[in-house]
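This is target.csv (CSV, C-alpha atoms).
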chain,number,residue,atom,x,y,z
A,1,MET,CA,16.0,-135.9,-144.5
A,2,PHE,CA,14.8,-136.0,-140.9
A,3,ILE,CA,11.2,-135.0,-140.2
A,4,LEU,CA,10.6,-134.0,-136.5
A,5,VAL,CA,7.0,-133.3,-135.5
A,6,ASN,CA,6.7,-131.0,-132.4
A,7,LEU,CA,3.3,-131.4,-130.9
A,8,LYS,CA,3.9,-128.4,-128.6
A,9,ALA,CA,0.9,-128.1,-126.2
A,10,TYR,CA,-1.7,-128.5,-128.9
A,11,ASP,CA,-5.1,-130.0,-128.2
A,12,CYS,CA,-4.4,-133.2,-130.2
A,13,ASN,CA,-4.2,-136.9,-129.7
A,14,PRO,CA,-0.4,-137.5,-129.4
A,15,VAL,CA,-0.8,-141.3,-129.5
A,16,ALA,CA,-2.8,-141.1,-132.7
A,17,VAL,CA,-0.3,-138.8,-134.4
A,18,ALA,CA,2.6,-141.0,-133.2
A,19,ALA,CA,0.9,-144.2,-134.5
A,20,ALA,CA,0.4,-142.5,-137.9
A,21,ALA,CA,4.0,-141.4,-138.0
A,22,ALA,CA,5.2,-144.9,-137.0
A,23,ASP,CA,3.2,-146.4,-139.8
A,24,VAL,CA,4.4,-144.0,-142.4
A,25,ALA,CA,8.0,-144.3,-141.3
A,26,GLU,CA,7.9,-148.1,-141.4
A,27,GLU,CA,6.2,-148.2,-144.8
A,28,THR,CA,8.4,-145.6,-146.5
A,29,GLY,CA,11.7,-145.9,-144.7
A,30,ALA,CA,11.6,-142.2,-143.9
A,31,ARG,CA,13.0,-141.0,-140.6
A,32,ILE,CA,10.1,-139.4,-138.7
A,33,ALA,CA,10.1,-138.5,-135.0
A,34,VAL,CA,7.5,-137.0,-132.7
A,35,ALA,CA,8.1,-134.7,-129.8
A,36,PRO,CA,5.1,-134.7,-127.3
A,37,GLN,CA,4.8,-133.0,-124.0
A,38,ALA,CA,6.9,-134.7,-121.3
A,39,ALA,CA,3.9,-136.3,-119.7
A,40,ARG,CA,3.1,-138.2,-122.9
A,41,ILE,CA,6.6,-139.4,-123.9
A,42,SER,CA,6.0,-142.9,-122.6
A,43,ALA,CA,2.7,-143.3,-124.4
A,44,VAL,CA,4.1,-142.0,-127.7
A,45,ALA,CA,7.2,-144.1,-127.4
A,46,ALA,CA,5.0,-147.2,-127.0
A,47,THR,CA,3.7,-146.7,-130.6
A,48,GLY,CA,7.2,-147.5,-131.8
A,49,VAL,CA,7.8,-144.1,-133.4
A,50,GLU,CA,11.1,-142.3,-132.7
A,51,THR,CA,10.3,-140.1,-129.7
A,52,TRP,CA,11.9,-136.9,-128.7
A,53,ALA,CA,11.5,-134.5,-125.8
A,54,GLN,CA,10.5,-130.9,-126.4
A,55,HIS,CA,13.1,-129.7,-123.9
A,56,VAL,CA,15.4,-130.8,-121.1
A,57,SER,CA,16.3,-128.5,-118.3
A,58,PRO,CA,19.9,-127.4,-117.5
A,59,VAL,CA,19.9,-129.2,-114.1
A,60,GLU,CA,21.6,-132.1,-112.4
A,61,HIS,CA,19.7,-134.4,-110.0
A,62,GLY,CA,18.5,-132.5,-107.0
A,63,SER,CA,16.0,-129.8,-105.8
A,64,HIS,CA,14.7,-128.5,-109.1
A,65,THR,CA,10.9,-128.5,-108.9
A,66,GLY,CA,9.2,-128.1,-112.3
A,67,SER,CA,12.3,-129.1,-114.2
A,68,THR,CA,12.6,-131.8,-116.9
A,69,HIS,CA,15.7,-133.9,-116.2
A,70,ALA,CA,17.4,-135.5,-119.2
A,71,ALA,CA,17.4,-138.9,-117.4
A,72,ALA,CA,13.7,-138.8,-116.9
A,73,VAL,CA,12.9,-138.3,-120.6
A,74,GLU,CA,15.4,-141.0,-121.6
A,75,ARG,CA,13.9,-143.5,-119.2
A,76,THR,CA,10.4,-142.9,-120.4
A,77,GLY,CA,11.4,-143.6,-124.1
A,78,ALA,CA,12.8,-140.4,-125.6
A,79,VAL,CA,16.0,-140.7,-127.8
A,80,GLY,CA,16.5,-137.0,-128.4
A,81,THR,CA,15.5,-133.5,-127.4
A,82,LEU,CA,14.9,-130.1,-128.8
A,83,LEU,CA,16.6,-127.2,-127.0
A,84,ASN,CA,16.2,-123.4,-127.2
A,85,HIS,CA,13.0,-123.4,-129.3
A,86,SER,CA,11.9,-119.9,-129.9
A,87,GLU,CA,8.9,-120.6,-127.5
A,88,ASN,CA,11.3,-121.8,-124.8
A,89,ARG,CA,14.4,-119.7,-125.1
A,90,GLN,CA,17.5,-120.4,-123.0
A,91,LYS,CA,20.6,-118.4,-122.2
A,92,LEU,CA,23.8,-119.7,-123.9
A,93,ALA,CA,25.2,-121.1,-120.7
A,94,ASP,CA,21.9,-123.0,-120.0
A,95,ILE,CA,21.9,-124.4,-123.5
A,96,ASP,CA,25.4,-125.7,-122.9
A,97,ALA,CA,24.3,-127.3,-119.6
A,98,SER,CA,21.2,-128.8,-121.2
A,99,LEU,CA,23.4,-130.2,-123.9
A,100,ASN,CA,25.7,-131.8,-121.4
A,101,GLY,CA,22.8,-133.3,-119.5
A,102,ALA,CA,21.2,-134.7,-122.7
A,103,GLU,CA,24.5,-136.1,-124.0
A,104,SER,CA,25.3,-137.8,-120.7
A,105,GLU,CA,22.0,-139.7,-121.1
A,106,GLY,CA,22.7,-140.6,-124.8
A,107,LEU,CA,20.1,-138.2,-126.2
A,108,GLU,CA,20.4,-136.8,-129.6
A,109,THR,CA,20.2,-133.0,-129.6
A,110,VAL,CA,18.9,-130.2,-131.9
A,111,VAL,CA,19.5,-126.6,-130.8
A,112,CYS,CA,17.1,-124.1,-132.4
A,113,ALA,CA,18.1,-120.6,-133.3
A,114,ASN,CA,16.5,-117.6,-135.0
A,115,ASN,CA,19.1,-116.6,-137.6
A,116,PRO,CA,22.5,-117.6,-139.1
A,117,ASP,CA,24.6,-115.8,-136.5
A,118,GLN,CA,22.8,-117.6,-133.7
A,119,ILE,CA,23.2,-120.9,-135.7
A,120,ALA,CA,26.9,-120.4,-135.7
A,121,ALA,CA,27.0,-119.8,-131.9
A,122,ALA,CA,24.8,-122.8,-131.3
A,123,THR,CA,27.0,-125.0,-133.6
A,124,ALA,CA,30.0,-124.1,-131.5
A,125,LEU,CA,28.3,-125.8,-128.5
A,126,ASP,CA,28.6,-129.1,-130.4
A,127,PRO,CA,25.0,-130.4,-130.6
A,128,ASP,CA,24.1,-133.1,-133.1
A,129,ALA,CA,22.1,-130.6,-135.2
A,130,VAL,CA,21.0,-127.0,-135.2
A,131,ALA,CA,17.7,-125.7,-136.6
A,132,VAL,CA,17.0,-122.3,-138.0
A,133,GLU,CA,13.4,-121.1,-137.3
A,134,PRO,CA,12.6,-117.4,-137.9
A,135,PRO,CA,10.0,-116.6,-135.2
A,136,GLU,CA,7.8,-114.5,-137.5
A,137,LEU,CA,7.2,-117.5,-139.7
A,138,ILE,CA,6.4,-120.1,-137.0
A,139,GLY,CA,2.8,-121.2,-137.3
A,140,GLY,CA,2.3,-119.3,-140.5
A,141,ASP,CA,1.2,-120.2,-143.9
A,142,GLU,CA,4.6,-119.6,-145.6
A,143,SER,CA,7.5,-122.0,-145.3
A,144,VAL,CA,10.9,-120.6,-144.4
A,145,ALA,CA,12.3,-122.6,-147.3
A,146,THR,CA,10.2,-120.6,-149.8
A,147,ALA,CA,9.5,-117.3,-147.9
A,148,ASP,CA,13.2,-116.7,-146.9
A,149,PRO,CA,15.4,-119.2,-148.7
A,150,ASP,CA,18.6,-117.2,-148.0
A,151,ILE,CA,18.2,-117.7,-144.3
A,152,VAL,CA,18.4,-121.5,-144.9
A,153,THR,CA,21.4,-121.3,-147.1
A,154,ASP,CA,23.1,-118.8,-144.8
A,155,ALA,CA,22.4,-121.1,-141.8
A,156,VAL,CA,23.9,-124.0,-143.6
A,157,GLU,CA,27.0,-122.0,-144.4
A,158,ALA,CA,27.2,-120.6,-140.9
A,159,ALA,CA,27.1,-124.0,-139.3
A,160,GLY,CA,29.6,-125.4,-141.8
A,161,SER,CA,32.1,-122.7,-141.1
A,162,VAL,CA,32.1,-123.8,-137.4
A,163,ASP,CA,31.7,-127.6,-137.7
A,164,GLU,CA,30.7,-129.4,-140.8
A,165,GLY,CA,29.7,-132.4,-138.7
A,166,VAL,CA,26.7,-130.6,-137.3
A,167,ASP,CA,23.5,-131.2,-139.3
A,168,VAL,CA,21.3,-128.2,-140.2
A,169,PHE,CA,17.5,-128.4,-140.1
A,170,CYS,CA,14.9,-125.7,-140.9
A,171,GLY,CA,11.5,-125.0,-139.4
A,172,ALA,CA,8.7,-122.5,-139.5
A,173,GLY,CA,5.8,-122.9,-141.9
A,174,ILE,CA,6.9,-126.4,-143.1
A,175,ALA,CA,3.6,-128.1,-144.1
A,176,THR,CA,4.0,-130.0,-147.4
A,177,GLY,CA,6.2,-132.3,-149.4
A,178,GLU,CA,7.1,-129.3,-151.6
A,179,ASP,CA,8.4,-127.5,-148.5
A,180,VAL,CA,10.5,-130.5,-147.5
A,181,ALA,CA,11.9,-130.8,-151.0
A,182,ALA,CA,12.7,-127.0,-151.0
A,183,ALA,CA,14.5,-127.3,-147.7
A,184,ARG,CA,16.5,-130.3,-149.0
A,185,ASP,CA,17.5,-128.4,-152.1
A,186,LEU,CA,18.7,-125.5,-150.0
A,187,GLY,CA,21.0,-127.8,-148.1
A,188,ALA,CA,19.0,-128.7,-145.0
A,189,ASP,CA,19.4,-132.1,-143.5
A,190,GLY,CA,15.9,-132.1,-142.0
A,191,VAL,CA,12.8,-130.1,-141.1
A,192,LEU,CA,10.9,-129.2,-137.9
A,193,LEU,CA,7.1,-128.8,-138.1
A,194,ALA,CA,4.2,-128.7,-135.7
A,195,SER,CA,0.7,-127.5,-136.4
A,196,GLY,CA,0.7,-128.8,-140.0
A,197,VAL,CA,0.6,-132.3,-138.6
A,198,ALA,CA,-0.6,-131.9,-135.0
A,199,LEU,CA,-3.8,-130.0,-136.0
A,200,ALA,CA,-4.5,-131.8,-139.3
A,201,ASP,CA,-7.8,-133.6,-139.8
A,202,ASP,CA,-5.7,-136.5,-141.2
A,203,PRO,CA,-2.2,-136.5,-139.8
A,204,GLU,CA,-1.3,-139.6,-141.7
A,205,ALA,CA,-2.1,-138.1,-145.1
A,206,VAL,CA,0.0,-135.0,-144.3
A,207,LEU,CA,2.9,-137.2,-143.2
A,208,ARG,CA,2.7,-139.2,-146.4
A,209,ASP,CA,2.8,-136.0,-148.4
A,210,LEU,CA,5.7,-134.7,-146.4
A,211,VAL,CA,7.8,-137.8,-147.2
A,212,SER,CA,6.7,-138.1,-150.8
A,213,PRO,CA,9.8,-136.3,-152.3
A,214,LEU,CA,12.2,-138.3,-150.3

Would you mind writing the file's structure down as structure tokens?
Amino acid sequence: MFILVNLKAYDCNPVAVAAAAADVAEETGARIAVAPQAARISAVAATGVETWAQHVSPVEHGSHTGSTHAAAVERTGAVGTLLNHSENRQKLADIDASLNGAESEGLETVVCANNPDQIAAATALDPDAVAVEPPELIGGDESVATADPDIVTDAVEAAGSVDEGVDVFCGAGIATGEDVAAARDLGADGVLLASGVALADDPEAVLRDLVSPL
């Protein structure tokens, strides 16, 4: 199981969270990655934790003020990127262009989607993984794996019907080791979470709980 912690734009110390994640990953052998804002990728990567970008723009080199180029995040230490998070949605053609840019720089890719139908469409674009995240559960107290388990199993089935080589993650409300275990038992290959770690008083303790079933 892959655990990807998205720090979004939360008022947290990304280096402290990353250092905790690096320690837990090293001690337990669990795969944990942290996705900070673009400006903090280098500092997070310096902790030794697997570091991801929250987004890369569908642009080539050139006049694209405000964009985040895939080469820029790769050169500052990111090894992967989220795409099409529900808080940063893209058109299908732009997802495809962002995937091409990310893959040209050797970045691993996860395309987020709201439901199994969108998961199937995202899988057809050939990312490394897709992640189902119902928007209504993001940031809430209920995990998608327990509040709506069918959407996870349906997403796994939808992705597999298109390309069995694409991993399926789930997100929204993931906060505990029990949530991770439930996601695994439903067929997910990993989980995405954010506030449960980023805003925790003790991120390391939360991370240890998250990996405890693995």

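Ranking A:Ile41, A:Val34, A:Ala53, A:Ala22 by their shortest atom-to-atom distance to Ile3 (chain A), with only C-alpha atoms included, puts A:Val34 first.
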
Please compute the CA of Ala121 (chain A)-CA of Glu108 (chain A) distance, one decimal, in Å. 18.4 Å

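Near Ser57 (chain A), within 6 Å and counting all atoms listed in the file, sit A:Ser67, A:Thr68, A:His69, A:Ser98, not including residues fewer than 4 positions from it in the same chain.
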
So which one's closest to Ala45 (chain A), A:Ala78, A:Val24, A:Ile174, A:Val197? Using all atoms listed in the file, please.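 That would be A:Ala78, the residue with the smallest distance to Ala45 (chain A).
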
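The space between CA of Ala194 (chain A) and CA of Val59 (chain A) spans 26.7 Å.
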
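Between CA of Leu125 (chain A) and CA of Glu60 (chain A) the separation is 18.5 Å.
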
Here's a test: counting only C-alpha atoms, identify every protein, DNA and RNA residue with an atom at most 10 Å from (0.1, -130.2, -140.4) in the file's coordinate frame, and state them as a ChimeraX atom specification. /A:5,139,173-176,193-207,210

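Closest approach to Gly177 (chain A) among A:Leu7, A:Met1, A:Ala43, A:Val156 is made by A:Met1 (distances from all atoms listed in the file).
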
Using only C-alpha atoms, can you tell me which of A:Leu107, A:Val73, A:Pro58, A:Val166 comes closest to Asp94 (chain A)?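 Checking each candidate against Asp94 (chain A), we get A:Pro58 as the closest.
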
Would you please work out which residue, of A:Glu133, A:Asp150, A:Glu105, A:Asp11, is nearest to Gln118 (chain A) when using only C-alpha atoms?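 Under the stated criterion, the closest residue is A:Glu133.
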
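Counting only C-alpha atoms, Ala30 (chain A) has the following residues at most 12 Å away, ignoring those fewer than 4 positions along the same chain: A:Met1, A:Phe2, A:Ile3, A:Leu4, A:Ala21, A:Ala22, A:Asp23, A:Val24, A:Ala25, A:Glu26, A:Val49, A:Glu50, A:Gly190, A:Leu207, A:Arg208, A:Asp209, A:Leu210, A:Val211, A:Ser212, A:Pro213, A:Leu214.
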
Point out the residue among A:Ala35, A:Asn6, A:Ile95, A:Thr109 with the least atom-to-atom distance to Ala172 (chain A), counting all atoms listed in the file.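 Ranking A:Ala35, A:Asn6, A:Ile95, A:Thr109 by distance to Ala172 (chain A), first place goes to A:Asn6.
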
Identify, on the basis of only C-alpha atoms, every residue whose closest approach to Pro149 (chain A) does not exceed 9 Å; exclude the query and any residue fewer than 6 positions from it along the same chain; express the result as a ChimeraX atom specification. /A:182-183,186

Would you be able to write out as JSON, numbers by chain which residues have an atom within 9 Å of (21.3, -134.8, -143.8) in the file's coordinates, counting all atoms listed in the file? {"A": [1, 2, 167, 168, 169, 184, 187, 188, 189, 190]}

Counting all atoms listed in the file, what is within 10 Å of Asn88 (chain A), bar same-chain residues fewer than 4 positions away, as a count of residues only? 6
